[in-house]
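One file, coords03.txt, is given below (compact mmCIF, C-alpha atoms).
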# COMPACT_ATOMS: atom_id res chain seq x y z
CA GLU A 1 3.95 -15.41 2.65
CA ASP A 2 2.75 -11.94 1.65
CA GLN A 3 1.91 -9.73 4.61
CA VAL A 4 0.70 -6.21 5.36
CA THR A 5 0.96 -4.45 8.73
CA GLN A 6 -0.39 -0.99 9.41
CA SER A 7 0.61 1.28 12.27
CA PRO A 8 -0.50 2.88 14.42
CA GLU A 9 -3.88 1.20 14.95
CA ALA A 10 -5.37 4.54 15.97
CA LEU A 11 -4.20 8.12 15.86
CA ARG A 12 -5.68 11.29 17.31
CA LEU A 13 -4.42 14.61 15.99
CA GLN A 14 -5.33 18.22 16.44
CA GLU A 15 -6.58 20.03 13.37
CA GLY A 16 -3.53 21.24 11.44
CA GLU A 17 -1.14 18.77 13.08
CA SER A 18 0.60 16.85 10.28
CA SER A 19 1.54 13.18 10.64
CA SER A 20 2.19 9.95 8.74
CA LEU A 21 0.55 6.54 8.65
CA ASN A 22 2.70 3.49 8.01
CA CYS A 23 2.07 0.38 5.92
CA SER A 24 4.83 -2.24 6.14
CA TYR A 25 4.74 -5.12 3.73
CA THR A 26 6.51 -8.25 2.56
CA VAL A 27 5.74 -9.57 -0.90
CA SER A 28 7.43 -11.80 -3.43
CA GLY A 29 6.57 -9.51 -6.33
CA LEU A 30 4.81 -6.17 -5.88
CA ARG A 31 1.73 -5.84 -8.05
CA GLY A 32 0.44 -2.61 -6.63
CA LEU A 33 0.17 -1.03 -3.19
CA PHE A 34 -3.25 0.55 -2.67
CA TRP A 35 -4.49 3.13 -0.20
CA TYR A 36 -8.18 3.45 0.63
CA ARG A 37 -10.19 5.59 2.97
CA GLN A 38 -13.22 4.13 4.73
CA ASP A 39 -15.88 6.06 6.60
CA PRO A 40 -18.09 4.27 9.16
CA GLY A 41 -20.81 2.17 7.53
CA LYS A 42 -19.48 2.76 4.01
CA GLY A 43 -17.34 0.92 1.51
CA PRO A 44 -13.68 1.87 1.07
CA GLU A 45 -12.95 4.81 -1.23
CA PHE A 46 -9.91 4.61 -3.50
CA LEU A 47 -7.11 7.09 -2.83
CA PHE A 48 -3.84 5.98 -4.48
CA THR A 49 -2.04 3.15 -6.23
CA LEU A 50 1.75 2.85 -6.14
CA TYR A 51 3.64 0.33 -8.23
CA SER A 52 7.36 0.90 -7.73
CA ALA A 53 9.76 2.05 -5.02
CA GLY A 54 10.33 5.79 -5.12
CA GLU A 55 6.91 6.52 -6.51
CA GLU A 56 4.88 9.32 -4.90
CA LYS A 57 1.32 10.51 -5.42
CA GLU A 58 -0.57 13.47 -3.98
CA LYS A 59 -4.17 14.48 -3.58
CA GLU A 60 -5.15 17.55 -1.61
CA ARG A 61 -3.71 17.10 1.91
CA LEU A 62 -2.61 13.50 1.30
CA LYS A 63 0.64 12.21 -0.12
CA ALA A 64 1.53 8.54 -0.52
CA THR A 65 5.10 7.28 -0.86
CA LEU A 66 6.57 3.84 -1.44
CA THR A 67 9.84 2.08 -0.58
CA LYS A 68 10.74 -1.58 -1.03
CA LYS A 69 9.47 -2.42 2.45
CA GLU A 70 6.86 0.17 3.39
CA SER A 71 4.50 2.86 2.27
CA PHE A 72 3.61 6.05 4.06
CA LEU A 73 0.48 8.13 3.87
CA HIS A 74 1.43 11.66 4.86
CA ILE A 75 -1.37 13.95 5.99
CA THR A 76 -0.54 17.65 5.93
CA ALA A 77 -2.55 20.13 8.02
CA PRO A 78 -5.49 17.72 8.44
CA LYS A 79 -9.06 18.84 8.94
CA PRO A 80 -11.83 17.12 10.92
CA GLU A 81 -13.30 15.77 7.66
CA ASP A 82 -10.12 13.72 7.18
CA SER A 83 -11.22 11.55 10.11
CA ALA A 84 -11.68 8.01 8.80
CA THR A 85 -10.03 4.60 8.72
CA TYR A 86 -7.20 4.39 6.21
CA LEU A 87 -6.48 1.00 4.68
CA CYS A 88 -3.55 -0.17 2.63
CA ALA A 89 -3.59 -3.30 0.49
CA LEU A 90 -1.21 -5.44 -1.56
CA GLY A 91 -2.58 -6.09 -5.03
CA GLY A 92 -2.54 -9.58 -6.46
CA ASP A 93 -4.59 -12.72 -7.04
CA LYS A 94 -5.45 -12.82 -3.32
CA ILE A 95 -5.38 -9.13 -2.48
CA ILE A 96 -4.37 -8.57 1.14
CA PHE A 97 -5.63 -5.66 3.23
CA GLY A 98 -4.06 -4.32 6.39
CA LYS A 99 -6.18 -3.87 9.50
CA GLY A 100 -6.21 -0.11 8.99
CA THR A 101 -5.39 3.03 10.96
CA ARG A 102 -8.31 4.84 12.60
CA LEU A 103 -7.56 8.54 12.29
CA HIS A 104 -9.43 11.12 14.37
CA ILE A 105 -8.83 14.82 13.79
CA LEU A 106 -9.93 17.04 16.65
CA PRO A 107 -11.19 20.54 15.81
CA LYS B 1 -21.45 7.21 -14.07
CA ALA B 2 -23.31 5.15 -11.51
CA GLY B 3 -21.22 3.51 -8.81
CA VAL B 4 -21.24 -0.04 -7.54
CA THR B 5 -24.57 -1.00 -6.03
CA GLN B 6 -25.30 -3.78 -3.58
CA THR B 7 -28.60 -5.23 -2.45
CA PRO B 8 -29.92 -5.67 0.08
CA ARG B 9 -28.18 -3.19 2.36
CA TYR B 10 -29.19 -4.97 5.56
CA LEU B 11 -30.13 -8.57 6.23
CA ILE B 12 -30.98 -10.57 9.33
CA LYS B 13 -30.88 -14.37 9.17
CA THR B 14 -30.79 -17.24 11.63
CA ARG B 15 -28.21 -19.99 11.92
CA GLY B 16 -28.55 -22.70 9.31
CA GLN B 17 -30.27 -20.53 6.73
CA GLN B 18 -28.73 -19.47 3.47
CA VAL B 19 -28.42 -16.01 1.97
CA THR B 20 -27.81 -14.48 -1.46
CA LEU B 21 -26.28 -11.05 -1.91
CA SER B 22 -26.22 -9.10 -5.15
CA CYS B 23 -23.71 -6.71 -6.68
CA SER B 24 -23.99 -4.55 -9.79
CA PRO B 25 -20.61 -3.24 -10.97
CA ILE B 26 -19.78 0.04 -12.64
CA SER B 27 -20.78 -0.03 -16.30
CA GLY B 28 -17.94 -1.46 -18.36
CA HIS B 29 -16.21 -3.17 -15.45
CA ARG B 30 -15.85 -6.90 -15.96
CA SER B 31 -14.17 -7.87 -12.70
CA VAL B 32 -16.11 -8.21 -9.45
CA SER B 33 -14.44 -9.13 -6.18
CA TRP B 34 -16.15 -9.94 -2.90
CA TYR B 35 -14.88 -9.24 0.60
CA GLN B 36 -15.89 -9.94 4.18
CA GLN B 37 -15.19 -7.25 6.75
CA THR B 38 -15.31 -7.90 10.49
CA PRO B 39 -13.91 -5.91 13.43
CA GLY B 40 -11.55 -8.74 14.34
CA GLN B 41 -10.22 -9.87 10.98
CA GLY B 42 -10.59 -6.69 8.97
CA LEU B 43 -11.20 -6.81 5.24
CA GLN B 44 -10.66 -10.29 3.79
CA PHE B 45 -10.80 -11.35 0.16
CA LEU B 46 -13.44 -13.95 -0.69
CA PHE B 47 -13.25 -14.41 -4.46
CA GLU B 48 -12.99 -12.65 -7.79
CA TYR B 49 -15.09 -13.16 -10.89
CA PHE B 50 -14.13 -12.05 -14.38
CA SER B 51 -16.05 -12.85 -17.55
CA GLU B 52 -18.41 -15.15 -15.65
CA THR B 53 -15.56 -17.29 -14.29
CA GLN B 54 -14.15 -17.44 -10.79
CA ARG B 55 -10.52 -16.40 -11.18
CA ASN B 56 -9.24 -16.25 -7.63
CA LYS B 57 -10.43 -17.49 -4.27
CA GLY B 58 -9.53 -16.55 -0.71
CA ASN B 59 -9.30 -18.84 2.28
CA PHE B 60 -12.96 -19.35 3.05
CA PRO B 61 -14.95 -22.58 3.35
CA GLY B 62 -17.01 -23.95 0.50
CA ARG B 63 -20.18 -22.56 2.12
CA PHE B 64 -19.22 -19.31 0.45
CA SER B 65 -19.85 -19.34 -3.28
CA GLY B 66 -20.65 -16.93 -6.04
CA ARG B 67 -21.38 -16.46 -9.67
CA GLN B 68 -21.27 -13.79 -12.33
CA PHE B 69 -23.72 -13.19 -15.11
CA SER B 70 -23.11 -12.11 -18.70
CA ASN B 71 -23.87 -8.46 -17.78
CA SER B 72 -21.11 -8.66 -15.11
CA ARG B 73 -23.58 -8.53 -12.23
CA SER B 74 -22.55 -10.90 -9.49
CA GLU B 75 -24.17 -12.78 -6.65
CA MET B 76 -22.65 -14.26 -3.54
CA ASN B 77 -24.25 -17.10 -1.63
CA VAL B 78 -23.57 -18.29 1.89
CA SER B 79 -25.15 -21.58 2.90
CA THR B 80 -25.68 -23.02 6.38
CA LEU B 81 -25.09 -19.69 8.07
CA GLU B 82 -23.05 -19.55 11.27
CA LEU B 83 -22.94 -16.82 13.90
CA GLY B 84 -19.41 -15.97 12.77
CA ASP B 85 -20.69 -15.08 9.32
CA SER B 86 -22.10 -11.84 10.70
CA ALA B 87 -20.16 -9.17 8.86
CA LEU B 88 -20.21 -6.40 6.29
CA TYR B 89 -19.97 -7.96 2.84
CA LEU B 90 -18.46 -5.69 0.24
CA CYS B 91 -18.11 -6.06 -3.46
CA ALA B 92 -15.76 -4.10 -5.67
CA SER B 93 -15.51 -3.76 -9.42
CA SER B 94 -12.59 -2.97 -11.68
CA LEU B 95 -11.74 -2.90 -15.36
CA SER B 96 -9.21 -5.70 -15.34
CA ARG B 97 -8.79 -8.97 -13.50
CA GLY B 98 -6.29 -10.02 -10.87
CA ASN B 99 -6.87 -7.37 -8.20
CA THR B 100 -3.99 -5.22 -9.45
CA ASP B 101 -6.15 -2.44 -10.83
CA THR B 102 -8.11 0.24 -8.98
CA GLN B 103 -11.15 -1.27 -7.31
CA TYR B 104 -14.35 0.65 -6.66
CA PHE B 105 -16.33 -0.55 -3.70
CA GLY B 106 -20.05 -0.66 -3.11
CA PRO B 107 -21.68 0.40 0.17
CA GLY B 108 -21.85 -3.18 1.42
CA THR B 109 -24.49 -5.52 2.79
CA ARG B 110 -24.63 -5.77 6.58
CA LEU B 111 -25.48 -9.39 7.44
CA THR B 112 -26.49 -10.30 10.96
CA VAL B 113 -26.83 -13.99 11.87
CA LEU B 114 -28.86 -14.75 14.99
This entry written out as structure tokens:
Amino acid sequence: EDQVTQSPEALRLQEGESSSLNCSYTVSGLRGLFWYRQDPGKGPEFLFTLYSAGEEKEKERLKATLTKKESFLHITAPKPEDSATYLCALGGDKIIFGKGTRLHILP
Amino acid sequence: KAGVTQTPRYLIKTRGQQVTLSCSPISGHRSVSWYQQTPGQGLQFLFEYFSETQRNKGNFPGRFSGRQFSNSRSEMNVSTLELGDSALYLCASSLSRGNTDTQYFGPGTRLTVL
């Protein structure tokens, strides 16, 4: 059975303190690993899609990487506006989302 | 380009009633997927419509149904509402079917069942 587990559930960082969010997965055939950002009361906002192990994508302070078992979302020198819930998802006929990591950046 | 729109944004219903939610996808997108988001279960896939046909369905009871029109707009219906149906209902549109392409989400409809 395909599964997605995100850790940690919540993370508090000081502004400028870099860290990584983890998304562990098991899947019979990877059809895309997605990262989304969700602000309170809003719909998720697309960040990245990764399709094969070794693939990396960057956008501003965010960098997503993918191995055969997990994906990391690296946040470099975060700012308070990076505070949000970050969701990863396994693409497929019945797309599966993780429970998310609530990230809070303190000024 | 206009984003995904959902109406209404907020809805309050009582147990036993039924509700219809609407979603207008990004122009040119033919796939619309629906999701239920709750604090306990997170974001869960309900179903996907592509070219007016339901292509995939999540693990939800038959009280949850939907349809898609020729202009790709979609509606979701929940009959015989239960307290546990209180949630944020999100729709997302994409160019291709199968939930393997980038999905663009709407702002959601907050449904409260009393």
Contact set, chain B to chain A: 8 Å, only C-alpha atoms, as a VMD selection string: chain B and resid 41 to 45 56 to 58 90 98 to 108
Range 17-26 of chain A surroundings by all atoms listed in the file, 9 Å radius, close-in-sequence under 3 positions cut, as a ChimeraX atom specification: /A:1-8,11,13-14,29-30,68-79,86-90,98,100-101,105
For a cut-off of 7 Å around (8.0, 1.4, -5.5), file coordinates, pick out all residues using only C-alpha atoms and list them as a PyMOL selection string. chain A and resi 50-55+66-68
Quick one: write out the picked residues with C-alpha atoms as a PDB file, in the coordinates of the input?
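Just written: result-v5.pdb:
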ATOM      1  CA  LEU A  50       1.750   2.850  -6.140  1.00  0.00           C
ATOM      2  CA  TYR A  51       3.640   0.330  -8.230  1.00  0.00           C
ATOM      3  CA  SER A  52       7.360   0.900  -7.730  1.00  0.00           C
ATOM      4  CA  ALA A  53       9.760   2.050  -5.020  1.00  0.00           C
ATOM      5  CA  GLY A  54      10.330   5.790  -5.120  1.00  0.00           C
ATOM      6  CA  GLU A  55       6.910   6.520  -6.510  1.00  0.00           C
ATOM      7  CA  LEU A  66       6.570   3.840  -1.440  1.00  0.00           C
ATOM      8  CA  THR A  67       9.840   2.080  -0.580  1.00  0.00           C
ATOM      9  CA  LYS A  68      10.740  -1.580  -1.030  1.00  0.00           C
TER      10      LYS A  68
END
Have a look at CA of Gln54 in chain B and CA of His29 in chain B and let me know their distance in Å, one decimal. 15.2 Å
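Relative to CA of Arg63 in chain B, CA of Met76 in chain B is found at 10.3 Å.
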Residues within 7 Å of (-19.6, 4.4, -11.8), file coordinates, counting all atoms listed in the file: what are they? Give the list as a ChimeraX atom specification. /B:1-4,26-27
Using only C-alpha atoms, determine which residues lie at most 7 Å from Ala87 in chain B, disregarding the query and same-chain residues fewer than 3 positions distant; provide the list as a PDB file with C-alpha atoms, in the coordinates of the input.
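Done, and the output landed in selection05.pdb:
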ATOM      1  CA  GLN B  36     -15.890  -9.940   4.180  1.00  0.00           C
ATOM      2  CA  GLN B  37     -15.190  -7.250   6.750  1.00  0.00           C
ATOM      3  CA  THR B  38     -15.310  -7.900  10.490  1.00  0.00           C
ATOM      4  CA  ARG B 110     -24.630  -5.770   6.580  1.00  0.00           C
ATOM      5  CA  LEU B 111     -25.480  -9.390   7.440  1.00  0.00           C
ATOM      6  CA  THR B 112     -26.490 -10.300  10.960  1.00  0.00           C
TER       7      THR B 112
END
Interatomic distance (Å, one decimal) between CA of Ser22 in chain B and CA of Pro39 in chain B: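 Atom-to-atom, CA of Ser22 in chain B to CA of Pro39 in chain B, that is 22.5 Å.
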Determine the nearest neighbour of Pro80 in chain A from the options A:Leu103, A:Ala10, A:Glu56, A:Arg37, counting all atoms listed in the file. A:Leu103
Complete the atoms of range 7-18 of chain A to all heavy atoms and put them out as an mmCIF file, in the frame of the given file.
data_model
loop_
_atom_site.group_PDB
_atom_site.id
_atom_site.type_symbol
_atom_site.label_atom_id
_atom_site.label_comp_id
_atom_site.auth_asym_id
_atom_site.auth_seq_id
_atom_site.Cartn_x
_atom_site.Cartn_y
_atom_site.Cartn_z
ATOM 1 N N SER A 7 0.422 0.672 10.955
ATOM 2 C CA SER A 7 0.610 1.280 12.270
ATOM 3 C C SER A 7 0.526 2.800 12.143
ATOM 4 O O SER A 7 0.821 3.358 11.071
ATOM 5 C CB SER A 7 1.970 0.866 12.847
ATOM 6 O OG SER A 7 3.018 1.322 12.017
ATOM 7 N N PRO A 8 0.094 3.476 13.219
ATOM 8 C CA PRO A 8 -0.500 2.880 14.420
ATOM 9 C C PRO A 8 -1.906 2.370 14.142
ATOM 10 O O PRO A 8 -2.456 2.617 13.083
ATOM 11 C CB PRO A 8 -0.507 4.046 15.400
ATOM 12 C CG PRO A 8 -0.729 5.231 14.516
ATOM 13 C CD PRO A 8 0.035 4.947 13.247
ATOM 14 N N GLU A 9 -2.490 1.664 15.116
ATOM 15 C CA GLU A 9 -3.880 1.200 14.950
ATOM 16 C C GLU A 9 -4.828 2.380 14.985
ATOM 17 O O GLU A 9 -5.839 2.400 14.295
ATOM 18 C CB GLU A 9 -4.230 0.227 16.068
ATOM 19 C CG GLU A 9 -3.571 -1.126 15.932
ATOM 20 C CD GLU A 9 -4.073 -2.087 16.977
ATOM 21 O OE1 GLU A 9 -5.122 -1.813 17.602
ATOM 22 O OE2 GLU A 9 -3.417 -3.127 17.180
ATOM 23 N N ALA A 10 -4.532 3.354 15.839
ATOM 24 C CA ALA A 10 -5.370 4.540 15.970
ATOM 25 C C ALA A 10 -4.484 5.754 16.213
ATOM 26 O O ALA A 10 -3.394 5.639 16.792
ATOM 27 C CB ALA A 10 -6.359 4.357 17.121
ATOM 28 N N LEU A 11 -4.976 6.906 15.754
ATOM 29 C CA LEU A 11 -4.200 8.120 15.860
ATOM 30 C C LEU A 11 -5.146 9.299 16.035
ATOM 31 O O LEU A 11 -6.096 9.450 15.258
ATOM 32 C CB LEU A 11 -3.350 8.312 14.603
ATOM 33 C CG LEU A 11 -2.404 9.503 14.534
ATOM 34 C CD1 LEU A 11 -1.356 9.416 15.640
ATOM 35 C CD2 LEU A 11 -1.720 9.559 13.175
ATOM 36 N N ARG A 12 -4.885 10.084 17.076
ATOM 37 C CA ARG A 12 -5.680 11.290 17.310
ATOM 38 C C ARG A 12 -4.776 12.494 17.111
ATOM 39 O O ARG A 12 -3.698 12.574 17.719
ATOM 40 C CB ARG A 12 -6.252 11.298 18.722
ATOM 41 C CG ARG A 12 -7.295 10.225 18.954
ATOM 42 C CD ARG A 12 -7.579 10.045 20.437
ATOM 43 N NE ARG A 12 -8.295 11.198 20.996
ATOM 44 C CZ ARG A 12 -9.625 11.270 21.049
ATOM 45 N NH1 ARG A 12 -10.376 10.291 20.581
ATOM 46 N NH2 ARG A 12 -10.206 12.323 21.585
ATOM 47 N N LEU A 13 -5.203 13.420 16.273
ATOM 48 C CA LEU A 13 -4.420 14.610 15.990
ATOM 49 C C LEU A 13 -5.279 15.844 16.140
ATOM 50 O O LEU A 13 -6.505 15.784 15.966
ATOM 51 C CB LEU A 13 -3.887 14.567 14.546
ATOM 52 C CG LEU A 13 -2.960 13.416 14.155
ATOM 53 C CD1 LEU A 13 -2.710 13.435 12.651
ATOM 54 C CD2 LEU A 13 -1.639 13.511 14.904
ATOM 55 N N GLN A 14 -4.632 16.950 16.449
ATOM 56 C CA GLN A 14 -5.330 18.220 16.440
ATOM 57 C C GLN A 14 -5.420 18.702 14.991
ATOM 58 O O GLN A 14 -4.561 18.402 14.164
ATOM 59 C CB GLN A 14 -4.574 19.253 17.269
ATOM 60 C CG GLN A 14 -4.624 19.021 18.772
ATOM 61 C CD GLN A 14 -6.025 19.172 19.342
ATOM 62 O OE1 GLN A 14 -6.467 18.372 20.154
ATOM 63 N NE2 GLN A 14 -6.723 20.211 18.906
ATOM 64 N N GLU A 15 -6.452 19.446 14.696
ATOM 65 C CA GLU A 15 -6.580 20.030 13.370
ATOM 66 C C GLU A 15 -5.307 20.808 13.043
ATOM 67 O O GLU A 15 -4.826 21.603 13.857
ATOM 68 C CB GLU A 15 -7.793 20.957 13.313
ATOM 69 C CG GLU A 15 -8.059 21.540 11.946
ATOM 70 C CD GLU A 15 -9.353 22.328 11.899
ATOM 71 O OE1 GLU A 15 -10.051 22.412 12.925
ATOM 72 O OE2 GLU A 15 -9.690 22.849 10.814
ATOM 73 N N GLY A 16 -4.746 20.555 11.853
ATOM 74 C CA GLY A 16 -3.530 21.240 11.440
ATOM 75 C C GLY A 16 -2.245 20.536 11.815
ATOM 76 O O GLY A 16 -1.168 20.927 11.351
ATOM 77 N N GLU A 17 -2.335 19.492 12.639
ATOM 78 C CA GLU A 17 -1.140 18.770 13.080
ATOM 79 C C GLU A 17 -0.819 17.653 12.086
ATOM 80 O O GLU A 17 -1.502 16.635 12.008
ATOM 81 C CB GLU A 17 -1.396 18.165 14.464
ATOM 82 C CG GLU A 17 -0.210 17.404 15.035
ATOM 83 C CD GLU A 17 -0.539 16.764 16.383
ATOM 84 O OE1 GLU A 17 -1.696 16.893 16.844
ATOM 85 O OE2 GLU A 17 0.361 16.116 16.945
ATOM 86 N N SER A 18 0.221 17.802 11.326
ATOM 87 C CA SER A 18 0.600 16.850 10.280
ATOM 88 C C SER A 18 1.171 15.565 10.876
ATOM 89 O O SER A 18 1.780 15.587 11.964
ATOM 90 C CB SER A 18 1.625 17.477 9.337
ATOM 91 O OG SER A 18 1.104 18.648 8.745
#
